[in-house]
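Shown here: start-v2.cif, mmCIF, C-alpha atoms.
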data_model
loop_
_atom_site.group_PDB
_atom_site.id
_atom_site.type_symbol
_atom_site.label_atom_id
_atom_site.label_comp_id
_atom_site.auth_asym_id
_atom_site.auth_seq_id
_atom_site.Cartn_x
_atom_site.Cartn_y
_atom_site.Cartn_z
ATOM 1 C CA MET A 1096 65.151 148.741 242.394
ATOM 2 C CA GLY A 1097 63.199 151.881 241.450
ATOM 3 C CA LYS A 1098 61.239 150.081 238.725
ATOM 4 C CA LEU A 1099 60.533 147.143 241.030
ATOM 5 C CA LEU A 1100 59.302 149.446 243.805
ATOM 6 C CA LYS A 1101 57.103 151.342 241.368
ATOM 7 C CA TYR A 1102 55.664 148.042 240.104
ATOM 8 C CA ILE A 1103 54.887 146.916 243.655
ATOM 9 C CA ILE A 1104 53.186 150.226 244.466
ATOM 10 C CA ILE A 1105 51.136 150.150 241.254
ATOM 11 C CA THR A 1106 50.185 146.525 241.944
ATOM 12 C CA LEU A 1107 48.956 147.428 245.432
ATOM 13 C CA LEU A 1108 47.083 150.584 244.453
ATOM 14 C CA PRO A 1109 43.773 148.830 243.657
ATOM 15 C CA ILE A 1110 43.877 147.438 247.209
ATOM 16 C CA ILE A 1111 44.986 150.465 249.223
ATOM 17 C CA GLY A 1112 43.907 153.406 247.066
ATOM 18 C CA TRP A 1113 44.201 155.028 243.685
ATOM 19 C CA SER A 1114 45.941 157.928 241.988
ATOM 20 C CA GLN A 1115 44.756 160.790 239.814
ATOM 21 C CA SER A 1116 46.652 163.349 237.748
ATOM 22 C CA TYR A 1117 45.510 166.906 237.081
ATOM 23 C CA VAL A 1118 46.612 169.737 234.829
ATOM 24 C CA GLY A 1119 45.643 173.367 235.302
ATOM 25 C CA THR A 1120 46.681 176.654 236.843
ATOM 26 C CA ILE A 1121 47.503 178.411 240.085
ATOM 27 C CA GLY A 1122 46.596 181.977 239.185
ATOM 28 C CA ASP A 1123 48.231 182.402 235.774
ATOM 29 C CA TYR A 1124 50.877 179.735 236.387
ATOM 30 C CA PRO A 1125 50.418 176.351 234.634
ATOM 31 C CA ILE A 1126 50.988 173.334 236.884
ATOM 32 C CA HIS A 1127 50.718 169.559 236.991
ATOM 33 C CA LEU A 1128 49.486 167.823 240.141
ATOM 34 C CA GLU A 1129 49.133 164.186 241.100
ATOM 35 C CA VAL A 1130 47.609 162.732 244.270
ATOM 36 C CA ASN A 1131 47.324 159.250 245.672
ATOM 37 C CA VAL A 1132 43.949 158.815 247.359
ATOM 38 C CA TYR A 1133 43.504 156.535 250.376
ATOM 39 C CA PRO A 1134 39.830 156.320 251.459
ATOM 40 C CA HIS A 1135 39.070 155.383 255.043
ATOM 41 C CA GLU A 1136 38.092 151.758 255.428
ATOM 42 C CA LYS A 1137 34.788 152.485 257.177
ATOM 43 C CA ASP A 1138 33.884 155.635 255.233
ATOM 44 C CA SER A 1139 35.092 155.873 251.638
ATOM 45 C CA THR A 1140 33.786 159.454 251.334
ATOM 46 C CA SER A 1141 36.712 160.636 253.479
ATOM 47 C CA GLY A 1142 40.376 159.768 253.648
ATOM 48 C CA GLU A 1143 44.003 160.808 253.236
ATOM 49 C CA LEU A 1144 45.917 162.229 250.279
ATOM 50 C CA GLU A 1145 49.577 162.466 249.357
ATOM 51 C CA GLY A 1146 51.319 163.457 246.161
ATOM 52 C CA TYR A 1147 53.163 166.316 244.495
ATOM 53 C CA TYR A 1148 52.758 169.214 242.107
ATOM 54 C CA PHE A 1149 55.144 171.217 239.971
ATOM 55 C CA TYR A 1150 55.082 174.447 238.013
ATOM 56 C CA ASP A 1151 55.463 173.726 234.300
ATOM 57 C CA SER A 1152 58.195 176.371 234.072
ATOM 58 C CA LYS A 1153 60.363 174.789 236.781
ATOM 59 C CA LEU A 1154 59.494 171.039 236.858
ATOM 60 C CA LEU A 1155 60.575 170.737 240.511
ATOM 61 C CA SER A 1156 58.200 168.418 242.381
ATOM 62 C CA ILE A 1157 56.839 169.864 245.624
ATOM 63 C CA PRO A 1158 55.457 167.222 248.015
ATOM 64 C CA ILE A 1159 51.894 167.689 249.239
ATOM 65 C CA SER A 1160 49.687 165.847 251.700
ATOM 66 C CA GLY A 1161 46.202 166.311 253.046
ATOM 67 C CA ASP A 1162 42.727 164.908 253.520
ATOM 68 C CA PHE A 1163 39.299 164.925 251.923
ATOM 69 C CA LYS A 1164 35.742 164.846 253.226
ATOM 70 C CA LYS A 1165 33.151 164.251 250.519
ATOM 71 C CA ASN A 1166 33.967 166.831 247.835
ATOM 72 C CA LYS A 1167 36.189 169.086 249.984
ATOM 73 C CA ILE A 1168 39.956 168.688 249.723
ATOM 74 C CA THR A 1169 42.735 170.258 251.787
ATOM 75 C CA LEU A 1170 46.391 169.901 250.776
ATOM 76 C CA ILE A 1171 49.511 171.436 252.315
ATOM 77 C CA ASP A 1172 53.166 171.349 251.336
ATOM 78 C CA GLY A 1173 55.151 168.591 253.012
ATOM 79 C CA TYR A 1174 55.219 164.839 253.383
ATOM 80 C CA TYR A 1175 53.222 164.352 256.579
ATOM 81 C CA PHE A 1176 49.763 165.840 257.052
ATOM 82 C CA MET A 1177 48.013 166.666 260.300
ATOM 83 C CA PRO A 1178 44.995 169.010 260.433
ATOM 84 C CA GLU A 1179 46.711 171.273 262.966
ATOM 85 C CA LYS A 1180 49.517 171.925 260.454
ATOM 86 C CA VAL A 1181 47.218 173.802 258.073
ATOM 87 C CA ILE A 1182 47.282 177.095 259.976
ATOM 88 C CA ASP A 1183 51.099 177.332 259.870
ATOM 89 C CA ALA A 1184 51.705 175.787 256.430
ATOM 90 C CA ASP A 1185 53.488 177.900 253.805
ATOM 91 C CA GLU A 1186 51.313 176.491 251.014
ATOM 92 C CA VAL A 1187 47.661 175.445 251.309
ATOM 93 C CA PHE A 1188 45.241 174.185 248.660
ATOM 94 C CA GLU A 1189 41.543 174.483 249.603
ATOM 95 C CA LEU A 1190 39.674 172.729 246.788
ATOM 96 C CA ILE A 1191 36.245 171.418 245.876
ATOM 97 C CA LYS A 1192 35.759 168.535 243.469
ATOM 98 C CA LYS A 1193 33.261 169.364 240.715
ATOM 99 C CA GLY A 1194 32.933 166.571 238.185
ATOM 100 C CA ASN A 1195 36.367 166.050 236.658
ATOM 101 C CA GLN A 1196 37.733 169.317 238.064
ATOM 102 C CA LEU A 1197 39.213 170.641 241.286
ATOM 103 C CA VAL A 1198 38.506 174.333 241.871
ATOM 104 C CA GLY A 1199 39.339 176.593 244.770
ATOM 105 C CA ASN A 1200 42.178 178.624 246.240
ATOM 106 C CA PHE A 1201 45.896 178.297 246.818
ATOM 107 C CA LYS A 1202 47.405 180.254 249.694
ATOM 108 C CA LEU A 1203 51.109 181.018 249.484
ATOM 109 C CA LYS A 1204 52.031 182.711 252.761
ATOM 110 C CA ASP A 1205 50.079 186.006 252.619
ATOM 111 C CA LYS A 1206 48.876 185.712 249.000
ATOM 112 C CA THR A 1207 45.892 183.813 247.584
ATOM 113 C CA TYR A 1208 45.484 182.533 244.021
ATOM 114 C CA LYS A 1209 42.597 180.877 242.206
ATOM 115 C CA VAL A 1210 43.073 177.229 241.239
ATOM 116 C CA VAL A 1211 41.443 175.318 238.396
ATOM 117 C CA LEU A 1212 42.610 171.747 237.771
ATOM 118 C CA THR A 1213 41.224 169.206 235.316
ATOM 119 C CA GLU A 1214 41.695 165.446 235.380
ATOM 120 C CA THR A 1215 44.097 164.110 232.770
ATOM 121 C CA GLU A 1216 45.344 160.710 231.692
ATOM 122 C CA GLN A 1217 48.756 162.252 231.051
ATOM 123 C CA GLU A 1218 51.382 161.061 233.528
ATOM 124 C CA PRO A 1219 53.025 164.278 234.812
ATOM 125 C CA LEU A 1220 56.558 162.913 235.073
ATOM 126 C CA GLU A 1221 56.863 160.384 232.259
ATOM 127 C CA ASP A 1222 54.692 162.181 229.702
ATOM 128 C CA PHE A 1223 55.322 165.851 230.472
ATOM 129 C CA ARG A 1224 58.365 166.507 232.646
ATOM 130 C CA ASN A 1225 60.952 163.972 231.531
ATOM 131 C CA PRO A 1226 60.764 164.716 227.763
ATOM 132 C CA LYS A 1227 61.581 168.360 228.553
ATOM 133 C CA LEU A 1228 64.877 167.621 230.308
ATOM 134 C CA THR A 1229 67.672 169.112 228.227
ATOM 135 C CA PHE A 1230 71.480 169.150 228.381
ATOM 136 C CA ILE A 1231 73.203 172.491 227.791
ATOM 137 C CA LYS A 1232 76.925 172.774 227.004
ATOM 138 C CA ASP A 1233 79.018 174.743 229.497
ATOM 139 C CA SER A 1234 82.787 174.341 229.290
ATOM 140 C CA ILE A 1235 85.694 172.114 228.278
ATOM 141 C CA THR A 1236 88.407 170.674 230.528
ATOM 142 C CA ASN A 1237 91.653 169.548 228.890
ATOM 143 C CA TYR A 1238 93.645 166.506 229.981
ATOM 144 C CA LYS A 1239 96.687 166.694 227.707
ATOM 145 C CA ASP A 1240 95.285 165.683 224.300
ATOM 146 C CA LYS A 1241 91.844 164.739 225.619
ATOM 147 C CA GLN A 1242 88.814 166.888 226.375
ATOM 148 C CA LEU A 1243 85.936 166.420 228.780
ATOM 149 C CA VAL A 1244 82.991 168.551 227.692
ATOM 150 C CA TRP A 1245 80.787 169.706 230.588
ATOM 151 C CA PHE A 1246 77.021 170.102 230.347
ATOM 152 C CA HIS A 1247 74.287 171.004 232.808
ATOM 153 C CA GLU A 1248 70.685 169.858 232.711
ATOM 154 C CA LYS A 1249 68.421 172.867 232.132
ATOM 155 C CA TYR A 1250 65.964 172.452 235.023
ATOM 156 C CA SER A 1251 67.920 170.652 237.738
ATOM 157 C CA LYS A 1252 71.139 172.580 236.943
ATOM 158 C CA LEU A 1253 73.150 169.407 237.643
ATOM 159 C CA PRO A 1254 76.457 169.131 235.736
ATOM 160 C CA LEU A 1255 78.223 166.166 234.152
ATOM 161 C CA PHE A 1256 80.814 165.749 231.422
ATOM 162 C CA ARG A 1257 80.887 163.916 228.091
ATOM 163 C CA LEU A 1258 83.854 162.637 226.099
ATOM 164 C CA GLY A 1259 85.021 165.159 223.498
ATOM 165 C CA ASN A 1260 88.020 165.630 221.216
ATOM 166 C CA GLY A 1261 90.932 163.273 221.781
ATOM 167 C CA PHE A 1262 88.716 160.233 222.287
ATOM 168 C CA THR A 1263 87.946 157.854 219.448
ATOM 169 C CA LYS A 1264 84.588 157.707 217.720
ATOM 170 C CA GLU A 1265 84.015 154.271 219.265
ATOM 171 C CA GLN A 1266 84.829 155.508 222.774
ATOM 172 C CA ARG A 1267 82.406 158.408 222.442
ATOM 173 C CA ALA A 1268 79.723 156.148 220.960
ATOM 174 C CA VAL A 1269 79.943 153.735 223.912
ATOM 175 C CA PHE A 1270 80.454 155.990 226.916
ATOM 176 C CA ASN A 1271 78.568 159.198 226.075
ATOM 177 C CA PRO A 1272 75.163 157.431 226.061
ATOM 178 C CA ILE A 1273 76.088 155.922 229.443
ATOM 179 C CA LEU A 1274 76.924 159.398 230.745
ATOM 180 C CA ASP A 1275 73.664 160.704 229.235
ATOM 181 C CA ALA A 1276 71.719 158.072 231.187
ATOM 182 C CA ILE A 1277 73.569 158.796 234.453
ATOM 183 C CA HIS A 1278 73.016 162.533 234.009
ATOM 184 C CA LEU A 1279 69.328 162.064 233.206
ATOM 185 C CA GLU A 1280 68.652 159.851 236.241
ATOM 186 C CA ASP A 1281 70.441 162.297 238.547
ATOM 187 C CA ALA A 1282 68.440 165.183 237.082
ATOM 188 C CA LYS A 1283 65.148 163.336 237.611
ATOM 189 C CA ASP A 1284 66.126 162.434 241.173
ATOM 190 C CA ASN A 1285 66.988 166.074 241.836
ATOM 191 C CA LEU A 1286 63.665 167.313 240.479
ATOM 192 C CA ASP A 1287 61.839 164.711 242.580
ATOM 193 C CA CYS A 1288 63.399 166.228 245.704
ATOM 194 C CA SER A 1289 62.587 169.820 246.645
ATOM 195 C CA SER A 1290 64.326 169.751 250.023
ATOM 196 C CA TRP A 1291 68.064 169.212 249.671
ATOM 197 C CA PHE A 1292 69.982 167.556 246.838
ATOM 198 C CA GLU A 1293 73.718 168.068 246.314
ATOM 199 C CA ILE A 1294 76.078 166.265 243.939
ATOM 200 C CA SER A 1295 79.779 166.894 243.343
ATOM 201 C CA TYR A 1296 82.416 165.165 241.247
ATOM 202 C CA GLU A 1297 86.071 164.269 241.564
ATOM 203 C CA ILE A 1298 87.845 163.386 238.304
ATOM 204 C CA ASN A 1299 90.721 161.126 239.342
ATOM 205 C CA LEU A 1300 92.096 159.769 236.074
ATOM 206 C CA VAL A 1301 91.874 160.582 232.377
ATOM 207 C CA ASN A 1302 94.441 158.884 230.136
ATOM 208 C CA ASP A 1303 94.626 156.579 227.114
ATOM 209 C CA LYS A 1304 93.393 153.576 229.106
ATOM 210 C CA PHE A 1305 90.854 154.759 231.673
ATOM 211 C CA ILE A 1306 88.490 157.430 232.880
ATOM 212 C CA SER A 1307 87.831 157.212 236.626
ATOM 213 C CA TYR A 1308 85.677 159.601 238.604
ATOM 214 C CA LEU A 1309 83.805 159.719 241.902
ATOM 215 C CA LYS A 1310 80.361 161.144 242.490
ATOM 216 C CA TYR A 1311 79.551 162.354 246.018
ATOM 217 C CA TYR A 1312 75.946 162.976 247.000
ATOM 218 C CA SER A 1313 74.102 164.453 249.960
ATOM 219 C CA VAL A 1314 70.316 164.176 249.757
ATOM 220 C CA TYR A 1315 67.322 164.773 252.008
ATOM 221 C CA CYS A 1316 63.845 164.120 250.584
ATOM 222 C CA GLY A 1317 61.813 163.445 253.718
ATOM 223 C CA GLY A 1318 62.326 160.633 256.180
ATOM 224 C CA ALA A 1319 64.244 160.481 259.416
ATOM 225 C CA HIS A 1320 67.758 161.216 258.149
ATOM 226 C CA PRO A 1321 69.536 162.638 255.100
ATOM 227 C CA SER A 1322 71.418 160.276 252.815
ATOM 228 C CA HIS A 1323 75.126 160.715 252.106
ATOM 229 C CA GLY A 1324 77.306 158.542 249.935
ATOM 230 C CA ASN A 1325 79.505 158.068 246.910
ATOM 231 C CA VAL A 1326 79.578 156.201 243.614
ATOM 232 C CA GLY A 1327 82.660 155.268 241.618
ATOM 233 C CA TYR A 1328 82.693 155.129 237.821
ATOM 234 C CA ASN A 1329 85.527 153.473 235.924
ATOM 235 C CA PHE A 1330 85.544 153.333 232.120
ATOM 236 C CA ASN A 1331 88.026 151.069 230.334
ATOM 237 C CA LEU A 1332 88.806 152.922 227.106
ATOM 238 C CA GLU A 1333 90.628 149.940 225.595
ATOM 239 C CA THR A 1334 87.934 147.289 226.077
ATOM 240 C CA LEU A 1335 85.057 149.831 225.890
ATOM 241 C CA GLU A 1336 83.594 148.479 229.133
ATOM 242 C CA VAL A 1337 82.437 149.872 232.457
ATOM 243 C CA VAL A 1338 84.527 148.130 235.122
ATOM 244 C CA ASP A 1339 82.368 147.347 238.138
ATOM 245 C CA LYS A 1340 84.854 145.594 240.429
ATOM 246 C CA ILE A 1341 88.522 146.399 240.974
ATOM 247 C CA GLU A 1342 89.145 142.658 241.225
ATOM 248 C CA ALA A 1343 88.503 142.475 237.475
ATOM 249 C CA LEU A 1344 91.755 144.418 237.028
ATOM 250 C CA TYR A 1345 93.650 142.866 239.962
ATOM 251 C CA PRO A 1346 92.170 139.378 240.498
ATOM 252 C CA LYS A 1347 95.003 138.154 242.730
ATOM 253 C CA VAL A 1348 94.981 141.065 245.191
ATOM 254 C CA ASN A 1349 93.200 140.790 248.554
ATOM 255 C CA PHE A 1350 92.387 144.462 249.004
ATOM 256 C CA PHE A 1351 91.012 144.093 252.518
ATOM 257 C CA GLN A 1352 94.245 142.501 253.757
ATOM 258 C CA LYS A 1353 96.387 145.058 251.919
ATOM 259 C CA LEU A 1354 94.464 147.927 253.493
ATOM 260 C CA LYS A 1355 94.416 146.291 256.919
ATOM 261 C CA SER A 1356 98.193 145.830 256.883
ATOM 262 C CA LYS A 1357 98.744 149.437 255.880
ATOM 263 C CA TYR A 1358 96.145 151.285 257.943
ATOM 264 C CA GLN A 1359 94.934 149.327 260.967
ATOM 265 C CA GLU A 1360 97.696 150.450 263.325
ATOM 266 C CA SER A 1361 97.172 154.097 262.381
ATOM 267 C CA GLU A 1362 93.402 154.037 262.980
ATOM 268 C CA ASN A 1363 92.317 155.848 266.129
ATOM 269 C CA ASP A 1364 90.586 153.832 268.846
ATOM 270 C CA VAL A 1365 87.171 155.432 268.324
ATOM 271 C CA GLN A 1366 87.230 154.827 264.568
ATOM 272 C CA ASP A 1367 88.368 151.231 265.066
ATOM 273 C CA GLU A 1368 85.790 150.503 267.769
ATOM 274 C CA GLU A 1369 82.766 152.159 266.176
ATOM 275 C CA CYS A 1370 83.417 151.499 262.501
ATOM 276 C CA GLU A 1371 85.409 148.242 262.609
ATOM 277 C CA THR A 1372 86.876 149.323 259.280
ATOM 278 C CA PHE A 1373 89.631 146.725 259.307
ATOM 279 C CA ILE A 1374 87.909 144.209 261.575
ATOM 280 C CA ASP A 1375 84.784 143.359 259.580
ATOM 281 C CA SER A 1376 85.625 142.594 255.949
ATOM 282 C CA SER A 1377 81.944 142.763 254.929
ATOM 283 C CA TYR A 1378 82.211 146.568 254.836
ATOM 284 C CA TRP A 1379 84.580 146.159 251.899
ATOM 285 C CA GLN A 1380 82.411 143.758 249.903
ATOM 286 C CA TYR A 1381 80.673 146.597 248.043
ATOM 287 C CA LYS A 1382 83.474 149.144 248.225
ATOM 288 C CA THR A 1383 83.719 152.204 246.033
ATOM 289 C CA TRP A 1384 86.967 152.479 244.101
ATOM 290 C CA ASN A 1385 88.708 154.735 241.616
ATOM 291 C CA LEU A 1386 91.949 154.701 239.691
ATOM 292 C CA THR A 1387 94.406 157.599 239.913
ATOM 293 C CA PRO A 1388 97.776 158.182 238.212
ATOM 294 C CA LYS A 1389 99.617 156.885 241.299
ATOM 295 C CA GLY A 1390 97.306 154.263 242.756
ATOM 296 C CA ILE A 1391 93.795 153.311 243.800
ATOM 297 C CA ILE A 1392 91.286 155.084 246.051
ATOM 298 C CA LEU A 1393 89.127 152.654 248.053
ATOM 299 C CA ILE A 1394 86.120 153.524 250.225
ATOM 300 C CA PRO A 1395 84.242 150.992 252.395
ATOM 301 C CA SER A 1396 80.451 150.741 252.219
ATOM 302 C CA TYR A 1397 78.393 150.948 255.427
ATOM 303 C CA PRO A 1398 74.685 150.780 256.280
ATOM 304 C CA HIS A 1399 72.810 154.095 256.102
ATOM 305 C CA ALA A 1400 73.217 154.969 259.797
ATOM 306 C CA MET A 1401 76.998 154.414 259.619
ATOM 307 C CA THR A 1402 77.857 156.440 256.516
ATOM 308 C CA PRO A 1403 80.142 158.784 258.566
ATOM 309 C CA CYS A 1404 82.507 155.782 258.673
ATOM 310 C CA GLU A 1405 82.988 155.912 254.903
ATOM 311 C CA GLU A 1406 86.486 157.362 254.637
ATOM 312 C CA ALA A 1407 88.748 157.090 251.606
ATOM 313 C CA TYR A 1408 91.936 155.000 251.734
ATOM 314 C CA PHE A 1409 94.747 154.705 249.211
ATOM 315 C CA LEU A 1410 97.028 152.003 247.846
ATOM 316 C CA ASN A 1411 99.746 152.921 245.382
ATOM 317 C CA TYR A 1412 100.379 150.608 242.464
ATOM 318 C CA SER A 1413 103.672 149.324 243.861
ATOM 319 C CA GLU A 1414 101.867 148.126 247.004
ATOM 320 C CA LEU A 1415 99.608 145.918 244.903
ATOM 321 C CA THR A 1416 102.545 143.835 243.702
ATOM 322 C CA LYS A 1417 104.080 143.311 247.152
ATOM 323 C CA GLU A 1418 103.508 139.916 248.774
#
So that I can check it, write out the structure of this file as C-alpha cells.
Amino acid sequence: MGKLLKYIIITLLPIIGWSQSYVGTIGDYPIHLEVNVYPHEKDSTSGELEGYYFYDSKLLSIPISGDFKKNKITLIDGYYFMPEKVIDADEVFELIKKGNQLVGNFKLKDKTYKVVLTETEQEPLEDFRNPKLTFIKDSITNYKDKQLVWFHEKYSKLPLFRLGNGFTKEQRAVFNPILDAIHLEDAKDNLDCSSWFEISYEINLVNDKFISYLKYYSVYCGGAHPSHGNVGYNFNLETLEVVDKIEALYPKVNFFQKLKSKYQESENDVQDEECETFIDSSYWQYKTWNLTPKGIILIPSYPHAMTPCEEAYFLNYSELTKE
C-alpha cells in the first residue's frame, strides 16, 4: 500500500506540483529538508508548501508547511499552514531563494539561527536517512533452551528481538531477516512521525514448534484521530513459514461460532449494541490471532473509528475439538 501510494503521488506531481530536496545547516547543525511545492493556478509565482526536515544527528522528520511569494518563503512546524499561525509557531523558517540556495533565518522560540540550504538530487530518506539505521544489541530473554536476543534501532529507539541460541541455523536464517525487515519498517515509520508513536510487544509462545507474539501500536502523525491497533505474528518453526491465518492450522474450526457460543451471553448490552462483536461476523474476517501454551488469543478487526471495540478473546485448545 505504501509503495502504491507513493507511486500515485509521484505520478501526480507533474500535474499538481513538484518537490525539491535541500541539504545545509541551521546554525552549526547539519540538516536535510524536502518540500513539495504547489503553485497557485492563476499565479505560479506564489503558492503553498508542505514537507519535512530533520537534523542529521537525530533523523526524526519534523513536518513543515508554509507559503511562498516570488523568492520569499515562510515555513512553520506542523501539517497545516495558515498565515496567522506564524506569530505563535514554535519553529519558523524565513527564507529567500537565491539561485539553487535558500538562505535566511530559523526562529526556535526565542532564539534565531542562520540557515543556508543548497539544492540536492539526494533523496533525504532513501539515500541519507535509511542507510544509517542501525540495530544495537540489548539483552537476552531465555525460554527454557531457547533465547530471544533483543535489539533496539539506534535512532528510533524501537526494540525487537531476533532468534538466538537454541534455534537451528535454518530457523535463524529464515526468520531473522523477516524480523529485521519488520524492525526496519517500524523504525522508519517512527522517524516519519514526530508527534506520538508507541509500540509494545507481548510474547505469547516460544517452543519447539512456534513463536507467537503480538505488537500493539498507538500512533498520531497528524489527521483527525490517533491510530490504535495490533498485529499478530506467528512463525512455524517446523515448516519455516509465517502463518497468516489460524484456519491454516485449524481448517475445520468455525472460530466466529466458537467465540459466539462462549462469549455472547457474557457481553454487556452496550458492547453488544455498539460493537456487534458476535452479531456481525465480518469483524472477524481479518482477526488478529496468537498461539499461547494453553490456547489461542483472538481479536476482531474494526474500522478506524471503532478500534475501542477491539478486545481480546480466548479459546483453549480443548474447546477447538468440541463439536
Find the spatial neighbours of Phe1409 (chain A), counting all atoms listed in the file, within a cut-off of 7 Å - ignore same-chain residues fewer than 4 positions away - and output them as JSON, numbers by chain. {"A": [1390, 1391, 1392, 1393]}
One-decimal distance in Å that lies between CA of Ser1251 (chain A) and CA of Cys1288 (chain A):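 Computing the Euclidean distance for CA of Cys1288 (chain A) and CA of Ser1251 (chain A) yields 10.2 Å.
Residues matched by the PyMOL selection byres ((chain A and resi 1295) around 10) in this structure: Leu1253, Pro1254, Leu1255, Glu1293, Ile1294, Tyr1296, Glu1297, Leu1309, Lys1310, Tyr1311, Tyr1312, Ser1313 and Asn1325 of chain A.
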Residues selected by the PyMOL selection byres ((chain A and resi 1230) around 6), written as number ranges by chain: A: 1229, 1231, 1246-1248
Grab the CA of Lys1241 (chain A) to CA of Ile1394 (chain A) distance for me, in Å with one decimal place.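 Interatomic distance, CA of Lys1241 (chain A) to CA of Ile1394 (chain A): 27.6 Å.
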From the list A:Ala1343, A:Val1198, A:Val1132, A:Val1187, the nearest residue to Leu1212 (chain A) using all atoms listed in the file is A:Val1198
Carefully work through the PyMOL selection byres ((chain A and resi 1116) around 8) for this structure and note down the residues it includes, as a VMD selection string. chain A and resid 1114 to 1115 1117 to 1118 1127 to 1130 1214 to 1219
As a ChimeraX atom specification, please: the residues near Val1348 (chain A) (cut-off 12 Å, only C-alpha atoms, same-chain neighbours under 3 positions excluded). /A:1341-1345,1351-1354,1410,1412,1414-1418
In Å, with one decimal, what is the gap from CA of Ser1413 (chain A) to CA of Leu1332 (chain A)?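 Going from CA of Ser1413 (chain A) over to CA of Leu1332 (chain A) covers 22.7 Å.
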Neighbourhood query: residues within 6 Å of (60.6, 165.9, 255.6), file coordinates, counting only C-alpha atoms; return as JSON, numbers by chain. {"A": [1174, 1317, 1318]}
Sel. within 8 Å of pt (61.1, 170.1, 240.2), counting all atoms listed in the file, output as a PDB file with C-alpha atoms, in the frame of the given file:
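So result_33.pdb came out as:
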ATOM      1  CA  PHE A1149      55.144 171.217 239.971  1.00  0.00           C
ATOM      2  CA  TYR A1150      55.082 174.447 238.013  1.00  0.00           C
ATOM      3  CA  LYS A1153      60.363 174.789 236.781  1.00  0.00           C
ATOM      4  CA  LEU A1154      59.494 171.039 236.858  1.00  0.00           C
ATOM      5  CA  LEU A1155      60.575 170.737 240.511  1.00  0.00           C
ATOM      6  CA  SER A1156      58.200 168.418 242.381  1.00  0.00           C
ATOM      7  CA  ILE A1157      56.839 169.864 245.624  1.00  0.00           C
ATOM      8  CA  TYR A1250      65.964 172.452 235.023  1.00  0.00           C
ATOM      9  CA  SER A1251      67.920 170.652 237.738  1.00  0.00           C
ATOM     10  CA  ASN A1285      66.988 166.074 241.836  1.00  0.00           C
ATOM     11  CA  LEU A1286      63.665 167.313 240.479  1.00  0.00           C
ATOM     12  CA  ASP A1287      61.839 164.711 242.580  1.00  0.00           C
ATOM     13  CA  CYS A1288      63.399 166.228 245.704  1.00  0.00           C
ATOM     14  CA  SER A1289      62.587 169.820 246.645  1.00  0.00           C
TER      15      SER A1289
END
Under the rule that all atoms listed in the file are counted, which of A:Asp1183, A:Glu1371, A:Glu1189, A:Asp1151 is the nearest residue to Asp1123 (chain A)?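 Ranking A:Asp1183, A:Glu1371, A:Glu1189, A:Asp1151 by distance to Asp1123 (chain A), first place goes to A:Asp1151.
Closest approach to Val1337 (chain A) from the set A:Ser1290, A:Asn1299, A:Asn1271, A:Asn1349 is made by A:Asn1271, with distances taken over all atoms listed in the file.
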Counting only C-alpha atoms, the residue among A:Ala1407, A:Phe1292, A:His1320, A:Leu1300 that lies closest to Lys1389 (chain A) is A:Leu1300
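Contact shell of Pro1321 (chain A) at 10 Å (all atoms listed in the file; same-chain neighbours under 6 positions omitted): Trp1291, Phe1292, Ser1313, Val1314, Tyr1315, His1399 and Ala1400 of chain A.
Nearest residue to Glu1336 (chain A), choosing from A:Leu1228, A:Cys1404, A:Ile1273, A:Val1244 and counting only C-alpha atoms: A:Ile1273.
If you measure from each of A:Tyr1358, A:Phe1163, A:Tyr1175, A:Phe1350 to Tyr1378 (chain A) using only C-alpha atoms, the closest one turns out to be A:Phe1350.
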Excluding Gly1261 (chain A) and its own-chain neighbours fewer than 5 positions away, which residues fall within 10 Å of it when counting all atoms listed in the file? Please give them as a PDB file with C-alpha atoms, in the frame of the given file.
ATOM      1  CA  ASN A1237      91.653 169.548 228.890  1.00  0.00           C
ATOM      2  CA  TYR A1238      93.645 166.506 229.981  1.00  0.00           C
ATOM      3  CA  LYS A1239      96.687 166.694 227.707  1.00  0.00           C
ATOM      4  CA  ASP A1240      95.285 165.683 224.300  1.00  0.00           C
ATOM      5  CA  LYS A1241      91.844 164.739 225.619  1.00  0.00           C
ATOM      6  CA  GLN A1242      88.814 166.888 226.375  1.00  0.00           C
ATOM      7  CA  LEU A1243      85.936 166.420 228.780  1.00  0.00           C
ATOM      8  CA  GLN A1266      84.829 155.508 222.774  1.00  0.00           C
ATOM      9  CA  ARG A1267      82.406 158.408 222.442  1.00  0.00           C
ATOM     10  CA  ASP A1303      94.626 156.579 227.114  1.00  0.00           C
TER      11      ASP A1303
END
